[in-house]
Amino acid sequence: MTAGAVEPSTDVVPRKRRGTELFLLVLALLVGVGAYVAVGIGYSGDVPADVAWVAGGFVTLALVAHVAVRLLAPYADPVLLPLVAMLNGLGLAMIRRLDLDFAAADQTTFATQQMVWTLIGVIAFVAVLVVVPDHRRLQSFTYTLGLLAIVLLVLPLLPVIGQEINGSRIWIRIGPLGFQPGEVAKICLVVFFAGYLVVKRDALALAGRRFLGIDLPRGRDLGPILTAWLVSLGVLVFQRDLGSSLLFFGLFVVMLYVATERVGWAVVGTLLFLGGAYFSYLTFGHVEARVTGWLDPFSDTDAYYQIVQGLYGLGFGGLIGTGLGQGDPTLTPFSYSDFIVTSLGEELGLTGLMAIIVVYGLVVERGLRVALLCRDAFGKLVAAGLAVSMALQVFVVVGGVTRLIPLTGLTTPFLSYGGSSLVVNWAMVALLLRISHFTREPQPLVTPLDAGDATQVVRLR
Amino acid sequence: MSELTLTLIRLGFLAVLWLFVLSAVSVIRSDMFGARVENRKASKPARAAQPPKPPKPPKPARTLRRGSRHAPRSLVVVDGPDKGQSAPLSEQPILIGRGADAAIRLDDDYVSTRHARVASNGEQWFVEDLGSTNGTYLGHQRVTTPTPLTMGTPIRVGKTVLELRR
């Protein structure tokens with residue numbers, strides 16, 4: 001609730017703080033480029049030959065993003081861009097480091113591709129800032145985006161363009177271009193949920209009965225949550241994508257809770273989740289395998305080779321790591337995507353991994369702060385949804401590879417190799433910055449009724 | 001490359017990593033606490049009033065205006081959705097309404113954006129309706145002209161009741 005006696009002008013002091021952003025960005029670039037150089041020194045003993053090219057390219061991209069924020073959203077949050085630029089740079093250096101190991105076997109160039117995806121990501125970042133001059137305008141596309149999300153989710157199931165890679169049918173391939181439409185669906189779903197809940201939240205929040213001290217919603221209001229549940233189960237059944245399924249459902253439940261402030265929805269959501277999880281545990285072999293790999297990976301080190309290797313990697317890294325370029329992270333399959341966290345944990349140790357997790361925490365905190373300060377309900381929900389989706393994703397991945405929860409495949413935002421994920425995450429940050437700009441912008445001044453003449457009480461009309 | 005150099009690079013990189021994290025945290029810190037302090041000061045009375053402590057019996061003191069001991073010091077919301085909110089009385093008139101510029105900002109559907117105003121002429125406090133839709137009432141009397149207030153008189157706007165308190 002708003003406190004009394006606060007004049008709007010003293011409530012929030014509008015500051016642009018773009019200089020601060022630039023300072024942090026330089027530090028972030030120092031981390032990214034430093035990691036790249038350290039990889040070269042650690043691996044072969046000399047500074048990599050292409051460092052000027054890679055560092056120059058990355059620094060240019062980061063500065064382009066910074067200038068775009070300066071021009072298009074001058075009041076936006078100063079911390080978000082440096083944080084994600086640092087994650088992207090660190091991921092790039094790590095992927096480059098893994099490339100060096102792969103290169104001995106065959107010529108894979110994940111790092112070059114990731115660099116190209118970073119370029120596309122920054123283009124998407126600028127594009128979102130240009131195309132969405134006011135986030136409130138997105139509300140009129142609520143149902144269009146909802147439909148688009150469903151179409152995107154269904155696309156990989158279509159016969160010609162859909163493609164099954166590593167047991168999950170979440171890819172589409174048009175010519176040489178592969179893409180995971182589910183990643184784009186994520187951002188569409190956040191906007192859709194926000195637009196939907198803004199309109200319907202009163203009905204969802206007010207009706208219901210109290211049971212055991214928890215306000216439970218009415219039966220007939222369960223429709224949307226059941227639909228979301230069925231859709232995520234559908235993703236699980238038809239695409240065998242455990243991670244996205246969990247992400248979508250969790251996102252919906254959290255946004256429902258944020259919109260209605262009712263614990264009842266969280267309780268219903270958790271029960272539905274537990275039911276769905278148990279059902280899929282009984283029904284699908286791959287879910288059962290994940291649970292066994294979580295509870296007892298050492299029972300069958302061949303079947304759970306990946307997770308066991310990841311754990312050994314983390315153990316090998318210890319407190320301060322083996323040093324960049326000096327571990328053996330490539331022993332873990334998919335060390336460049338799902339398991340990049342263990343690769344980083346091996347070479348940077350617990351100290352480095354904690355820093356990375358704190359950075360994620362700060363990104364989420366900034367997102368939630370945007371949501372708290374935002375004045376319109378739609379922006380609040382979009383910002384909260386974006387922050388929560390990143391929090392959930394990091395939790396699911398990091399929790400999965402460290403055996404806190406069963407392993408489910410999701411990309412680590414900004415760090416993992418993966419074009420779709422990187423581009424969409426850049427777009428999400430742009431959207432957050434856009435909302436943040438509106439939140440921190442000075443409000444148009446409302447002229448006071450009288451100019452502070454306290455004795456002039458009588459007003460003649 | 002010697003072992004020592006590699007160790008230095010390793011530790012140096014971790015140091016830079018944490019330096020970045022800590023600078024980000026300090027920027028966030030200055031972002032949170034860098035704002036002016038009026039904000040916090042003003043929110044204190046509101047928070048203190050939040051627990052529904054039984055309101056001190058509002059003595060309908062009539063014209064006890066001997067010295068500052070009996071002068072009202074704040075305007076408190078005693079009933080309605082924003083119960084507990086308050087605003088200190090000063091030279092400035094206090095605007096009551098749903099608008100963002102109101103000193104007492106009510107989340108009450110029956111209150112207008114700029115509903116009423118409480119102001120003083122130096123001796124006495126007055127309430128004045130600002131052309132609200134649902135009116136401002138003192139008791140059952142609708143306020144049409146600036147009306148003098150005494151301590152503890154309930155001012156009714158929408159579903160909310162306010163009072164002058166010491």
# chains A, B, ... in the order shown; residues from 1 in each chain; ligands from 1
>>> interface_residues(of="chain B", to="chain A", cutoff="8 Å", atoms="only C-alpha atoms", output="MDAnalysis selection string")
chainID B and resid 1 6:7 9:11 13:14 16:18 20:21 23:25 27:28 35:36 38:39 42:43 46 82 85:88 91:94 100:105 119:122 126 128 145:146
>>> closest_residue(among="A:Gly121, A:Tyr75, A:Thr402, A:Val388", to="Val254 of chain A", atoms="only C-alpha atoms")
A:Val388
>>> atom_distance(atom1="atom CA of Leu373 of chain A", atom2="atom CA of Gln139 of chain A")
18.6 Å
>>> closest_residue(among="B:Ser2, B:Arg117, B:Arg156, B:Asp31", to="Lys16 of chain A", atoms="only C-alpha atoms")
B:Asp31
>>> residues_around(residues="segment 228-231 of chain A", least_positions_apart="2", cutoff="9 Å", atoms="only C-alpha atoms", output="PyMOL selection string")
chain A and resi 150+223-226+233-236+245+248-249+252-253+269+272-273+276
>>> residues_around(residues="segment 405-409 of chain A", least_positions_apart="6", cutoff="7 Å", atoms="only C-alpha atoms", output="short mmCIF file (atom, residue, chain, number, x, y, z; two decimals) with N, CA and C atoms, in the first residue's frame")
data_model
loop_
_atom_site.label_atom_id
_atom_site.label_comp_id
_atom_site.auth_asym_id
_atom_site.auth_seq_id
_atom_site.Cartn_x
_atom_site.Cartn_y
_atom_site.Cartn_z
N LEU A 242 10.81 -32.57 -21.02
CA LEU A 242 10.48 -32.46 -19.61
C LEU A 242 10.66 -31.03 -19.10
N GLY A 243 11.78 -30.43 -19.45
CA GLY A 243 12.13 -29.11 -18.93
C GLY A 243 11.12 -28.05 -19.30
N ARG A 290 15.00 -40.57 -15.43
CA ARG A 290 15.53 -39.33 -14.85
C ARG A 290 15.46 -39.37 -13.33
N VAL A 291 14.36 -39.93 -12.82
CA VAL A 291 14.21 -39.96 -11.37
C VAL A 291 15.25 -40.89 -10.76
N TRP A 294 18.49 -39.34 -10.66
CA TRP A 294 18.56 -38.30 -9.64
C TRP A 294 18.84 -38.92 -8.26
N ASP A 338 23.53 -28.31 -21.99
CA ASP A 338 22.86 -28.57 -20.71
C ASP A 338 23.83 -28.59 -19.54
N VAL A 396 15.90 -25.12 -12.61
CA VAL A 396 15.71 -26.45 -13.17
C VAL A 396 17.03 -27.00 -13.71
N VAL A 397 17.80 -26.17 -14.40
CA VAL A 397 19.05 -26.66 -14.99
C VAL A 397 20.11 -26.90 -13.92
N GLY A 399 19.79 -27.02 -10.68
CA GLY A 399 19.33 -28.05 -9.75
C GLY A 399 19.46 -29.43 -10.36
#
